[in-house]
file structure_7.csv (CSV, C-alpha atoms)
chain,number,residue,atom,x,y,z
Y,619,MET,CA,-11.4,-19.4,11.0
Y,620,ILE,CA,-8.1,-17.7,10.0
Y,621,GLU,CA,-7.9,-14.0,10.8
Y,622,PHE,CA,-5.0,-11.9,9.5
Y,623,VAL,CA,-5.0,-8.4,11.2
Y,624,PHE,CA,-3.5,-5.7,8.9
Y,625,ARG,CA,-1.8,-2.6,9.9
Y,626,ALA,CA,-1.5,0.3,7.5
Y,627,ASP,CA,1.9,-0.8,6.3
Y,628,ASP,CA,0.8,-4.3,5.8
Y,629,VAL,CA,-1.7,-3.2,3.1
Y,630,ALA,CA,1.3,-1.6,1.3
Y,631,ARG,CA,3.1,-4.9,1.6
Y,632,VAL,CA,0.4,-7.1,-0.1
Y,633,ARG,CA,2.3,-8.6,-3.1
Y,634,PHE,CA,1.8,-11.3,-5.6
Y,635,ALA,CA,3.8,-14.3,-6.9
Y,636,PHE,CA,3.1,-17.7,-8.2
Y,637,SER,CA,4.9,-21.0,-7.8
Y,638,PRO,CA,5.5,-24.0,-10.1
Y,639,LEU,CA,6.1,-26.1,-7.0
Y,640,TRP,CA,2.7,-25.1,-5.6
Y,641,GLU,CA,1.0,-26.1,-8.8
Y,642,LEU,CA,2.8,-29.5,-8.7
Y,643,VAL,CA,1.8,-30.2,-5.1
Y,644,HIS,CA,-1.8,-29.3,-5.6
Y,645,GLY,CA,-1.8,-31.2,-8.9
Y,646,LEU,CA,-1.0,-34.3,-6.8
Y,647,ARG,CA,-4.1,-33.6,-4.8
Y,648,VAL,CA,-6.1,-33.8,-8.0
Y,649,LEU,CA,-4.5,-37.1,-8.8
Y,650,ALA,CA,-5.3,-38.4,-5.3
Y,651,ASP,CA,-9.0,-37.5,-5.4
Y,652,PRO,CA,-10.3,-36.4,-8.8
Y,653,SER,CA,-13.9,-36.4,-7.6
Y,654,ARG,CA,-13.4,-33.2,-5.6
Y,655,ARG,CA,-11.7,-31.4,-8.4
Y,656,ALA,CA,-13.6,-32.4,-11.5
Y,657,LEU,CA,-12.7,-29.3,-13.4
Y,658,HIS,CA,-9.2,-30.8,-14.0
Y,659,LEU,CA,-10.4,-34.2,-15.3
Y,660,PRO,CA,-9.2,-33.3,-18.9
Y,661,TRP,CA,-5.7,-32.7,-17.6
Y,662,LEU,CA,-5.8,-35.9,-15.5
Y,663,ARG,CA,-6.9,-38.1,-18.4
Y,664,ALA,CA,-4.1,-36.6,-20.5
Y,665,ILE,CA,-1.3,-37.2,-18.0
Y,666,ARG,CA,-2.2,-40.7,-16.7
Y,667,PRO,CA,-0.3,-42.6,-19.4
Y,668,ARG,CA,2.8,-40.5,-18.7
Y,669,LEU,CA,2.9,-41.5,-15.0
Y,670,ARG,CA,4.1,-45.1,-15.6
Y,671,GLY,CA,7.3,-45.7,-13.7
Y,672,LEU,CA,6.7,-42.9,-11.1
Y,673,ASP,CA,6.4,-43.8,-7.4
Y,674,VAL,CA,2.9,-42.4,-7.2
Y,675,GLU,CA,2.2,-44.1,-3.9
Y,676,LEU,CA,5.2,-42.3,-2.3
Y,677,LEU,CA,3.9,-39.0,-3.4
Y,678,ARG,CA,0.3,-39.8,-2.2
Y,679,GLY,CA,1.7,-40.8,1.1
Y,680,VAL,CA,2.9,-37.3,1.7
Y,681,VAL,CA,0.3,-35.2,-0.2
Y,682,SER,CA,-3.1,-36.5,0.9
Y,683,PRO,CA,-6.4,-35.5,-0.8
Y,684,ASP,CA,-7.1,-33.1,2.0
Y,685,GLY,CA,-5.7,-31.7,5.2
Y,686,TYR,CA,-2.2,-30.8,6.1
Y,687,ILE,CA,0.7,-30.8,3.5
Y,688,PRO,CA,4.2,-30.7,5.0
Y,689,ASP,CA,5.2,-27.1,4.8
Y,690,PHE,CA,8.7,-27.8,3.5
Y,691,LEU,CA,7.1,-29.0,0.2
Y,692,THR,CA,5.5,-25.6,-0.4
Y,693,PRO,CA,8.0,-22.8,0.5
Y,694,PRO,CA,6.7,-19.3,-0.1
Y,695,PRO,CA,7.8,-18.0,-3.5
Y,696,GLU,CA,10.8,-15.7,-3.1
Y,697,THR,CA,10.4,-14.0,-6.5
Y,698,PRO,CA,7.4,-13.0,-8.6
Y,699,LEU,CA,8.4,-15.4,-11.3
Y,700,PRO,CA,10.1,-18.4,-9.7
Y,701,ASP,CA,11.8,-21.3,-11.5
Y,702,PHE,CA,10.8,-24.9,-10.7
Y,703,ALA,CA,14.4,-26.1,-10.4
Y,704,ALA,CA,15.3,-23.3,-8.0
Y,705,GLU,CA,12.2,-24.0,-5.8
Y,706,LEU,CA,13.1,-27.7,-5.8
Y,707,GLU,CA,16.6,-26.8,-4.5
Y,708,ILE,CA,15.0,-25.0,-1.6
Y,709,VAL,CA,13.1,-28.2,-0.7
Y,710,ARG,CA,16.3,-30.3,-1.1
Y,711,ALA,CA,18.0,-28.0,1.5
Y,712,THR,CA,15.4,-28.6,4.2
Y,713,PRO,CA,17.1,-29.8,7.4
Y,714,PRO,CA,16.3,-33.4,8.2
Y,715,ASP,CA,14.8,-32.5,11.6
Y,716,VAL,CA,12.3,-30.2,9.9
Y,717,VAL,CA,11.4,-32.9,7.4
Y,718,ALA,CA,10.9,-35.4,10.2
Y,719,GLY,CA,8.9,-33.0,12.3
Y,720,GLU,CA,6.5,-31.9,9.6
Y,721,LEU,CA,6.0,-35.5,8.3
Y,722,ARG,CA,4.9,-36.5,11.8
Y,723,TRP,CA,2.7,-33.4,12.4
Y,724,THR,CA,-1.1,-33.6,12.0
Y,725,GLU,CA,-3.8,-31.0,12.3
Y,726,HIS,CA,-5.7,-32.7,15.1
Y,727,GLY,CA,-3.0,-34.5,17.1
Y,728,GLY,CA,-3.7,-38.0,15.7
Y,729,SER,CA,-1.3,-40.4,14.0
Y,730,ALA,CA,0.4,-39.2,10.8
Y,731,GLY,CA,-0.2,-42.6,9.2
Y,732,PRO,CA,2.3,-45.4,8.6
Y,733,ALA,CA,3.7,-44.0,5.3
Y,734,ARG,CA,4.6,-40.7,6.7
Y,735,LEU,CA,5.9,-42.2,10.0
Y,736,ALA,CA,8.2,-44.5,8.0
Y,737,MET,CA,9.5,-41.6,6.0
Y,738,ALA,CA,10.1,-39.5,9.1
Y,739,ALA,CA,12.3,-42.3,10.5
Y,740,GLU,CA,14.8,-41.7,7.6
Y,741,PRO,CA,14.3,-38.0,6.8
Y,742,ALA,CA,17.4,-37.4,4.7
Y,743,ARG,CA,16.8,-40.5,2.5
Y,744,SER,CA,13.1,-39.8,2.3
Y,745,LEU,CA,13.7,-36.2,1.2
Y,746,GLU,CA,16.0,-37.4,-1.6
Y,747,ARG,CA,13.4,-39.9,-2.9
Y,748,LEU,CA,10.7,-37.3,-2.7
Y,749,CYS,CA,12.6,-34.7,-4.7
Y,750,GLU,CA,13.4,-37.2,-7.3
Y,751,GLN,CA,9.8,-38.2,-7.7
Y,752,LEU,CA,8.6,-34.5,-7.6
Y,753,GLU,CA,11.0,-33.7,-10.5
Y,754,ARG,CA,9.7,-36.6,-12.5
Y,755,PHE,CA,6.1,-35.6,-11.9
Y,756,TRP,CA,6.9,-32.1,-13.0
Y,757,SER,CA,8.3,-33.3,-16.3
Y,758,ALA,CA,5.5,-35.7,-17.0
Y,759,ALA,CA,2.4,-33.8,-15.7
Y,760,VAL,CA,2.9,-30.1,-15.2
Y,761,GLU,CA,5.8,-28.8,-17.4
Y,762,PRO,CA,4.0,-29.7,-20.7
Y,763,TYR,CA,1.1,-27.4,-19.7
Y,764,TRP,CA,3.1,-24.8,-17.9
Y,765,GLU,CA,2.9,-22.1,-20.6
Y,766,GLY,CA,-0.9,-22.0,-20.5
Y,767,ILE,CA,-0.9,-22.2,-16.7
Y,768,ARG,CA,1.6,-19.4,-16.5
Y,769,ASP,CA,-0.5,-17.2,-18.8
Y,770,LEU,CA,-3.5,-17.6,-16.5
Y,771,LEU,CA,-1.6,-16.9,-13.4
Y,772,GLU,CA,0.2,-13.9,-14.8
Y,773,GLY,CA,-3.1,-12.6,-16.1
Y,774,ASP,CA,-4.7,-12.9,-12.6
Y,775,VAL,CA,-1.8,-11.1,-11.0
Y,776,LEU,CA,-2.1,-8.3,-13.6
Y,777,ARG,CA,-5.8,-8.0,-13.0
Y,778,ARG,CA,-5.6,-7.9,-9.2
Y,779,THR,CA,-2.6,-5.6,-9.1
Y,780,ARG,CA,-4.7,-3.1,-11.0
Y,781,ALA,CA,-7.5,-3.6,-8.5
Y,782,LEU,CA,-5.1,-3.0,-5.6
Y,783,ALA,CA,-3.9,0.2,-7.1
Y,784,ALA,CA,-7.4,1.4,-7.8
Y,785,ASN,CA,-9.3,0.3,-4.7
Y,786,GLY,CA,-6.8,-0.8,-2.1
Y,787,ALA,CA,-7.1,-4.1,-0.2
Y,788,GLU,CA,-10.9,-4.2,-0.5
Y,789,GLY,CA,-10.5,-4.2,-4.3
Y,790,VAL,CA,-8.2,-7.2,-4.2
Y,791,PHE,CA,-10.2,-9.4,-1.7
Y,792,ALA,CA,-13.8,-8.5,-2.7
Y,793,ASP,CA,-14.2,-11.2,-5.4
Y,794,LEU,CA,-11.1,-13.4,-4.6
Y,795,ASP,CA,-13.0,-16.4,-3.2
Y,796,PRO,CA,-16.3,-17.0,-1.3
Y,797,ALA,CA,-14.1,-18.3,1.6
Y,798,VAL,CA,-12.3,-14.9,1.9
Y,799,ARG,CA,-13.8,-11.8,3.5
Y,800,TRP,CA,-12.3,-8.4,4.2
Y,801,HIS,CA,-13.8,-6.3,7.0
Y,802,GLY,CA,-12.4,-3.5,9.1
Y,803,GLY,CA,-8.8,-4.1,8.4
Y,804,THR,CA,-8.9,-7.9,9.0
Y,805,LEU,CA,-8.9,-10.6,6.4
Y,806,PHE,CA,-11.2,-13.6,7.4
Y,807,ILE,CA,-10.5,-16.9,5.7
Y,808,ASP,CA,-12.9,-19.8,6.3
Y,809,ARG,CA,-10.8,-22.8,7.2
Y,810,ARG,CA,-11.1,-25.8,9.6
Y,811,TRP,CA,-8.3,-24.6,11.8
Y,812,ASP,CA,-8.1,-21.4,13.9
Y,813,TYR,CA,-5.5,-18.7,13.9
Y,814,ARG,CA,-5.6,-15.0,14.7
Y,815,GLY,CA,-2.6,-12.7,14.5
Y,816,GLU,CA,-1.2,-9.4,13.3
Y,817,LEU,CA,0.8,-9.4,10.2
Y,818,ALA,CA,3.2,-7.0,12.0
Y,819,GLY,CA,4.7,-5.5,8.9
Y,820,ARG,CA,5.3,-8.8,7.0
Y,821,GLY,CA,2.4,-8.1,4.7
Y,822,LEU,CA,0.6,-10.9,2.8
Y,823,LEU,CA,1.7,-12.9,-0.1
Y,824,LEU,CA,-1.1,-13.8,-2.6
Y,825,VAL,CA,-0.4,-16.8,-4.7
Y,826,PRO,CA,-2.9,-17.7,-7.5
Y,827,SER,CA,-2.9,-21.4,-8.2
Y,828,VAL,CA,-4.7,-23.4,-10.9
Y,829,PHE,CA,-4.8,-26.7,-9.0
Y,830,VAL,CA,-5.8,-25.3,-5.6
Y,831,TRP,CA,-9.3,-24.9,-7.1
Y,832,PRO,CA,-12.0,-25.1,-5.7
Y,833,ARG,CA,-10.6,-24.0,-2.3
Y,834,VAL,CA,-8.0,-21.7,-0.9
Y,835,SER,CA,-4.8,-22.6,0.9
Y,836,VAL,CA,-3.3,-20.7,3.8
Y,837,MET,CA,0.1,-20.5,5.4
Y,838,ALA,CA,0.5,-18.7,8.7
Y,839,PRO,CA,3.5,-17.6,10.8
Y,840,PRO,CA,6.2,-18.5,11.5
Y,841,TYR,CA,6.3,-18.8,7.7
Y,842,GLN,CA,5.6,-15.8,5.5
Y,843,PRO,CA,1.8,-15.3,5.7
Y,844,MET,CA,0.4,-16.5,2.4
Y,845,LEU,CA,-3.0,-17.1,0.8
Y,846,SER,CA,-3.2,-19.3,-2.3
Y,847,TYR,CA,-6.5,-19.0,-4.3
Y,848,PRO,CA,-7.9,-20.1,-7.7
Y,849,PRO,CA,-7.2,-17.5,-10.4
Y,850,TYR,CA,-10.0,-15.8,-12.4
Y,851,GLY,CA,-10.8,-17.8,-15.6
Y,852,VAL,CA,-9.5,-21.1,-14.4
Y,853,ALA,CA,-12.4,-22.9,-16.0
Y,854,THR,CA,-11.1,-21.9,-19.5
Y,855,LEU,CA,-7.7,-23.6,-19.0
Y,856,TRP,CA,-8.6,-27.1,-20.4
Y,857,GLU,CA,-11.1,-26.0,-23.0
Y,858,SER,CA,-10.5,-28.0,-26.2
Y,859,SER,CA,-12.5,-25.6,-28.4
Y,860,PRO,CA,-13.6,-22.0,-27.9
Y,861,ALA,CA,-17.1,-21.0,-26.9
Y,862,ALA,CA,-19.2,-19.9,-29.9
Y,863,PRO,CA,-19.4,-16.1,-29.9
Y,864,PRO,CA,-22.8,-14.4,-30.0
Y,865,ASP,CA,-24.2,-14.0,-33.5
Y,866,ALA,CA,-24.6,-10.3,-33.1
Y,867,LEU,CA,-21.0,-9.8,-32.0
Y,868,ALA,CA,-19.7,-12.1,-34.8
Y,869,ALA,CA,-21.7,-10.1,-37.4
Y,870,LEU,CA,-20.2,-6.8,-36.1
Y,871,ILE,CA,-16.5,-7.7,-35.9
Y,872,GLY,CA,-16.2,-11.1,-37.6
Y,873,ARG,CA,-16.5,-14.5,-36.0
Y,874,ARG,CA,-12.8,-15.1,-35.4
Y,875,ARG,CA,-12.3,-11.7,-33.8
Y,876,ALA,CA,-15.4,-12.2,-31.7
Y,877,GLU,CA,-14.0,-15.6,-30.5
Y,878,LEU,CA,-10.8,-13.8,-29.5
Y,879,LEU,CA,-12.6,-11.1,-27.6
Y,880,ILE,CA,-14.7,-13.7,-25.8
Y,881,ALA,CA,-11.6,-15.8,-25.0
Y,882,LEU,CA,-10.0,-12.8,-23.4
Y,883,VAL,CA,-12.3,-13.0,-20.4
Y,884,SER,CA,-8.9,-13.7,-18.8
Y,885,PRO,CA,-5.6,-12.4,-20.0
Y,886,ALA,CA,-3.7,-14.7,-22.4
Y,887,SER,CA,-0.7,-14.7,-24.7
Y,888,THR,CA,-0.7,-15.1,-28.5
Y,889,THR,CA,0.5,-18.7,-28.1
Y,890,GLU,CA,-2.2,-19.6,-25.6
Y,891,LEU,CA,-4.9,-18.1,-27.8
Y,892,SER,CA,-3.6,-19.9,-30.8
Y,893,ARG,CA,-3.8,-23.2,-28.9
Y,894,ARG,CA,-7.3,-22.6,-27.6
Y,895,LEU,CA,-8.7,-21.4,-30.9
Y,896,ASN,CA,-6.8,-23.9,-33.0
Y,897,VAL,CA,-5.4,-21.2,-35.4
Y,898,THR,CA,-1.9,-20.1,-36.2
Y,899,PRO,CA,-0.1,-17.6,-34.0
Y,900,GLY,CA,0.3,-15.4,-37.0
Y,901,ALA,CA,-3.5,-15.3,-37.6
Y,902,VAL,CA,-4.1,-14.5,-33.9
Y,903,SER,CA,-1.6,-11.7,-34.1
Y,904,GLN,CA,-3.3,-10.2,-37.1
Y,905,HIS,CA,-6.7,-10.3,-35.5
Y,906,LEU,CA,-5.3,-8.9,-32.2
Y,907,GLY,CA,-3.8,-6.0,-34.1
Y,908,VAL,CA,-7.2,-5.1,-35.5
Y,909,LEU,CA,-8.9,-5.4,-32.1
Y,910,ARG,CA,-6.1,-3.3,-30.5
Y,911,ALA,CA,-6.4,-0.6,-33.2
Y,912,CYS,CA,-10.1,-0.4,-32.4
Y,913,GLY,CA,-9.4,0.1,-28.7
Y,914,LEU,CA,-10.9,-3.3,-27.6
Y,915,VAL,CA,-7.7,-5.0,-26.4
Y,916,ILE,CA,-4.4,-4.0,-25.0
Y,917,GLY,CA,-1.1,-5.8,-24.6
Y,918,HIS,CA,1.0,-5.8,-21.4
Y,919,ARG,CA,4.7,-6.8,-21.7
Y,920,LEU,CA,6.0,-9.1,-19.0
Y,921,GLY,CA,9.6,-9.7,-19.7
Y,922,ARG,CA,9.8,-11.2,-23.2
Y,923,ARG,CA,6.2,-12.1,-23.3
Y,924,VAL,CA,3.0,-10.1,-23.9
Y,925,LEU,CA,-0.3,-10.8,-22.3
Y,926,TYR,CA,-3.5,-9.4,-24.0
Y,927,THR,CA,-6.5,-8.2,-22.0
Y,928,ARG,CA,-9.7,-6.6,-22.9
Y,929,THR,CA,-10.1,-2.9,-22.4
Y,930,ARG,CA,-13.2,-1.5,-20.8
Y,931,ALA,CA,-14.6,-0.9,-24.2
Y,932,GLY,CA,-13.8,-4.6,-25.1
Y,933,ASP,CA,-15.6,-5.7,-21.9
Y,934,ALA,CA,-18.6,-3.6,-22.7
Y,935,LEU,CA,-18.9,-5.0,-26.2
Y,936,ALA,CA,-18.3,-8.6,-25.2
Y,937,GLU,CA,-20.7,-8.5,-22.3
Y,938,SER,CA,-23.4,-6.3,-23.9
Y,939,PRO,CA,-26.9,-7.8,-23.8
Y,940,SER,CA,-27.3,-6.8,-27.4
Y,941,ALA,CA,-24.4,-9.1,-28.3
Y,942,GLN,CA,-25.8,-12.1,-26.5

call {"tool": "encode", "arguments": {"input": "structure_7.csv", "output": "structure tokens"}}
result
Amino acid sequence: MIEFVFRADDVARVRFAFSPLWELVHGLRVLADPSRRALHLPWLRAIRPRLRGLDVELLRGVVSPDGYIPDFLTPPPETPLPDFAAELEIVRATPPDVVAGELRWTEHGGSAGPARLAMAAEPARSLERLCEQLERFWSAAVEPYWEGIRDLLEGDVLRRTRALAANGAEGVFADLDPAVRWHGGTLFIDRRWDYRGELAGRGLLLVPSVFVWPRVSVMAPPYQPMLSYPPYGVATLWESSPAAPPDALAALIGRRRAELLIALVSPASTTELSRRLNVTPGAVSQHLGVLRACGLVIGHRLGRRVLYTRTRAGDALAESPSAQ
């Protein structure tokens, strides 16, 4: 069991970020053992032909289906919207002794396995090979889907930031994951290893991750304390066609607008909605304009992009029993 003990100023230092590199590393876990992460099978089927020529065995030797991942591969995000290339440079700069030590380390004191031990014997060369293969895996398997993944992650951050402002720490952690529980100023996380300590003014970094599903991942001191969790609406990411809207809702506002309202169970951009509903971005914009004028959706600008979410009225209409 992990126990992070909060002081008053730690609650104020709860912050959010997400990481392209974390997505890549946990995507490797899907590749290593698809049976545990069946939600992502559509993604896995799509990327397999693109992996020819990659040293997949090298990557699997470092990122196992379960258990410890060397911490140097998953540095805590330093900005809310990190860039993959910048994160990879942080990994490249890892001192060789750290690479060797973390490759040899195991959770229960056993052998790290022949692949990791061989890499630990030549840490500088191993790090160079690893970074090369990570970059190739990003280009083949994650980058083509990054826009949709980013929409989902940004939407979850937006949703939980509002919960934090409205209800404090309890509002953020209440429905974050069944393995996470907030009680009396302490965050309890159900894991196979034990840790208890005060955050001591460092706060907690919350990192939504698509590929960490169905579990959570924790990083404890001496690193920045961090909790990675599956974002709300992750099951919608690989949908090839939208769910059919309820007949009563479609009759009230039109079938396409009803599909949009149902799809916005998690925030999304015009581009992502266009992909999921298989209609043009222009048509999506027109329908969103009508829904926005009716007070059913609202747009939130994040840099150059806009994420749309349902308002309370939109939630009430989409989830009303009379619309089912």

call {"tool": "residues_around", "arguments": {"input": "structure_7.csv", "residues": "segment 927-934 of chain Y", "least_positions_apart": "3", "cutoff": "10 Å", "atoms": "all atoms listed in the file", "output": "list in words"}}
result
Gly773, Leu776, Arg777, Leu878, Leu879, Ile880, Ala881, Leu882, Val883, Ser884, Pro885, Ala886, Ser887, Leu909, Arg910, Cys912, Gly913, Leu914, Val915, Ile916, Gly917, His918, Val924, Glu937, Ser938, Pro939 and Ala941 of chain Y

call {"tool": "residues_around", "arguments": {"input": "structure_7.csv", "residues": "Leu677 of chain Y", "least_positions_apart": "6", "cutoff": "9 Å", "atoms": "all atoms listed in the file", "output": "VMD selection string"}}
result
chain Y and resid 646 748 751 to 752

call {"tool": "atom_distance", "arguments": {"input": "structure_7.csv", "atom1": "atom CA of His658 of chain Y", "atom2": "atom CA of Pro762 of chain Y"}}
result
14.8 Å

call {"tool": "atom_distance", "arguments": {"input": "structure_7.csv", "atom1": "atom CA of Asn896 of chain Y", "atom2": "atom CA of Val908 of chain Y"}}
result
19.0 Å

call {"tool": "residues_around", "arguments": {"input": "structure_7.csv", "residues": "Glu707 of chain Y", "least_positions_apart": "4", "cutoff": "12 Å", "atoms": "only C-alpha atoms", "output": "short mmCIF file (atom, residue, chain, number, x, y, z; two decimals) with C-alpha atoms, keeping the file's coordinate frame"}}
result
data_model
loop_
_atom_site.label_atom_id
_atom_site.label_comp_id
_atom_site.auth_asym_id
_atom_site.auth_seq_id
_atom_site.Cartn_x
_atom_site.Cartn_y
_atom_site.Cartn_z
CA LEU Y 639 6.10 -26.10 -7.00
CA PHE Y 690 8.70 -27.80 3.50
CA LEU Y 691 7.10 -29.00 0.20
CA THR Y 692 5.50 -25.60 -0.40
CA PRO Y 693 8.00 -22.80 0.50
CA PRO Y 700 10.10 -18.40 -9.70
CA ASP Y 701 11.80 -21.30 -11.50
CA PHE Y 702 10.80 -24.90 -10.70
CA ALA Y 703 14.40 -26.10 -10.40
CA ALA Y 711 18.00 -28.00 1.50
CA THR Y 712 15.40 -28.60 4.20
CA LEU Y 745 13.70 -36.20 1.20
CA GLU Y 746 16.00 -37.40 -1.60
CA CYS Y 749 12.60 -34.70 -4.70
CA GLU Y 750 13.40 -37.20 -7.30
CA LEU Y 752 8.60 -34.50 -7.60
CA GLU Y 753 11.00 -33.70 -10.50
#

call {"tool": "residues_around", "arguments": {"input": "structure_7.csv", "residues": "segment 838-850 of chain Y", "least_positions_apart": "3", "cutoff": "8 Å", "atoms": "all atoms listed in the file", "output": "compact mmCIF listing (two decimals) with C-alpha atoms, keeping the file's coordinate frame"}}
result
# COMPACT_ATOMS: atom_id res chain seq x y z
CA PRO Y 694 6.70 -19.30 -0.10
CA LEU Y 770 -3.50 -17.60 -16.50
CA LEU Y 771 -1.60 -16.90 -13.40
CA ASP Y 774 -4.70 -12.90 -12.60
CA LEU Y 794 -11.10 -13.40 -4.60
CA ASP Y 795 -13.00 -16.40 -3.20
CA TYR Y 813 -5.50 -18.70 13.90
CA LEU Y 817 0.80 -9.40 10.20
CA ARG Y 820 5.30 -8.80 7.00
CA GLY Y 821 2.40 -8.10 4.70
CA LEU Y 822 0.60 -10.90 2.80
CA LEU Y 823 1.70 -12.90 -0.10
CA LEU Y 824 -1.10 -13.80 -2.60
CA VAL Y 825 -0.40 -16.80 -4.70
CA PRO Y 826 -2.90 -17.70 -7.50
CA SER Y 827 -2.90 -21.40 -8.20
CA VAL Y 828 -4.70 -23.40 -10.90
CA PHE Y 829 -4.80 -26.70 -9.00
CA VAL Y 830 -5.80 -25.30 -5.60
CA TRP Y 831 -9.30 -24.90 -7.10
CA PRO Y 832 -12.00 -25.10 -5.70
CA ARG Y 833 -10.60 -24.00 -2.30
CA VAL Y 834 -8.00 -21.70 -0.90
CA SER Y 835 -4.80 -22.60 0.90
CA SER Y 884 -8.90 -13.70 -18.80

call {"tool": "atom_distance", "arguments": {"input": "structure_7.csv", "atom1": "atom CA of Ala730 of chain Y", "atom2": "atom CA of Ser653 of chain Y"}}
result
23.5 Å

call {"tool": "residues_near_point", "arguments": {"input": "structure_7.csv", "point": "(-1.2, -42.6, -6.0)", "cutoff": "12 Å", "atoms": "all atoms listed in the file", "output": "MDAnalysis selection string"}}
result
chainID Y and resid 645:652 666 669:683 751 755

call {"tool": "residues_near_point", "arguments": {"input": "structure_7.csv", "point": "(-5.2, -3.8, 10.7)", "cutoff": "12 Å", "atoms": "only C-alpha atoms", "output": "PyMOL selection string"}}
result
chain Y and resi 621-630+787+800-806+814-819+821

call {"tool": "write_last_selection", "arguments": {"input": "structure_7.csv", "atoms": "C-alpha atoms", "output": "PDB file, keeping the file's coordinate frame"}}
result
ATOM      1  CA  GLU Y 621      -7.900 -14.000  10.800  1.00  0.00           C
ATOM      2  CA  PHE Y 622      -5.000 -11.900   9.500  1.00  0.00           C
ATOM      3  CA  VAL Y 623      -5.000  -8.400  11.200  1.00  0.00           C
ATOM      4  CA  PHE Y 624      -3.500  -5.700   8.900  1.00  0.00           C
ATOM      5  CA  ARG Y 625      -1.800  -2.600   9.900  1.00  0.00           C
ATOM      6  CA  ALA Y 626      -1.500   0.300   7.500  1.00  0.00           C
ATOM      7  CA  ASP Y 627       1.900  -0.800   6.300  1.00  0.00           C
ATOM      8  CA  ASP Y 628       0.800  -4.300   5.800  1.00  0.00           C
ATOM      9  CA  VAL Y 629      -1.700  -3.200   3.100  1.00  0.00           C
ATOM     10  CA  ALA Y 630       1.300  -1.600   1.300  1.00  0.00           C
ATOM     11  CA  ALA Y 787      -7.100  -4.100  -0.200  1.00  0.00           C
ATOM     12  CA  TRP Y 800     -12.300  -8.400   4.200  1.00  0.00           C
ATOM     13  CA  HIS Y 801     -13.800  -6.300   7.000  1.00  0.00           C
ATOM     14  CA  GLY Y 802     -12.400  -3.500   9.100  1.00  0.00           C
ATOM     15  CA  GLY Y 803      -8.800  -4.100   8.400  1.00  0.00           C
ATOM     16  CA  THR Y 804      -8.900  -7.900   9.000  1.00  0.00           C
ATOM     17  CA  LEU Y 805      -8.900 -10.600   6.400  1.00  0.00           C
ATOM     18  CA  PHE Y 806     -11.200 -13.600   7.400  1.00  0.00           C
ATOM     19  CA  ARG Y 814      -5.600 -15.000  14.700  1.00  0.00           C
ATOM     20  CA  GLY Y 815      -2.600 -12.700  14.500  1.00  0.00           C
ATOM     21  CA  GLU Y 816      -1.200  -9.400  13.300  1.00  0.00           C
ATOM     22  CA  LEU Y 817       0.800  -9.400  10.200  1.00  0.00           C
ATOM     23  CA  ALA Y 818       3.200  -7.000  12.000  1.00  0.00           C
ATOM     24  CA  GLY Y 819       4.700  -5.500   8.900  1.00  0.00           C
ATOM     25  CA  GLY Y 821       2.400  -8.100   4.700  1.00  0.00           C
TER      26      GLY Y 821
END

call {"tool": "closest_residue", "arguments": {"input": "structure_7.csv", "among": "Y:Val760, Y:Ala783, Y:Val852, Y:Ile871", "to": "Pro638 of chain Y", "atoms": "all atoms listed in the file"}}
result
Y:Val760

call {"tool": "closest_residue", "arguments": {"input": "structure_7.csv", "among": "Y:Ala759, Y:Ile807, Y:Ala704, Y:Leu870", "to": "Leu642 of chain Y", "atoms": "only C-alpha atoms"}}
result
Y:Ala759

call {"tool": "closest_residue", "arguments": {"input": "structure_7.csv", "among": "Y:Val798, Y:Val836, Y:Ala742, Y:Ala758", "to": "Pro713 of chain Y", "atoms": "only C-alpha atoms"}}
result
Y:Ala742

call {"tool": "residues_around", "arguments": {"input": "structure_7.csv", "residues": "Leu735 of chain Y", "least_positions_apart": "4", "cutoff": "9 Å", "atoms": "all atoms listed in the file", "output": "PyMOL selection string"}}
result
chain Y and resi 718+721-722+729-731+739

call {"tool": "closest_residue", "arguments": {"input": "structure_7.csv", "among": "Y:Ser892, Y:Gln904, Y:Thr697, Y:Thr779", "to": "Gly766 of chain Y", "atoms": "only C-alpha atoms"}}
result
Y:Ser892

call {"tool": "closest_residue", "arguments": {"input": "structure_7.csv", "among": "Y:Ala866, Y:Val902, Y:Leu891, Y:Met619", "to": "Asp769 of chain Y", "atoms": "only C-alpha atoms"}}
result
Y:Leu891

call {"tool": "closest_residue", "arguments": {"input": "structure_7.csv", "among": "Y:Ala792, Y:Ala781, Y:Ala901, Y:Leu895", "to": "Thr854 of chain Y", "atoms": "only C-alpha atoms"}}
result
Y:Leu895
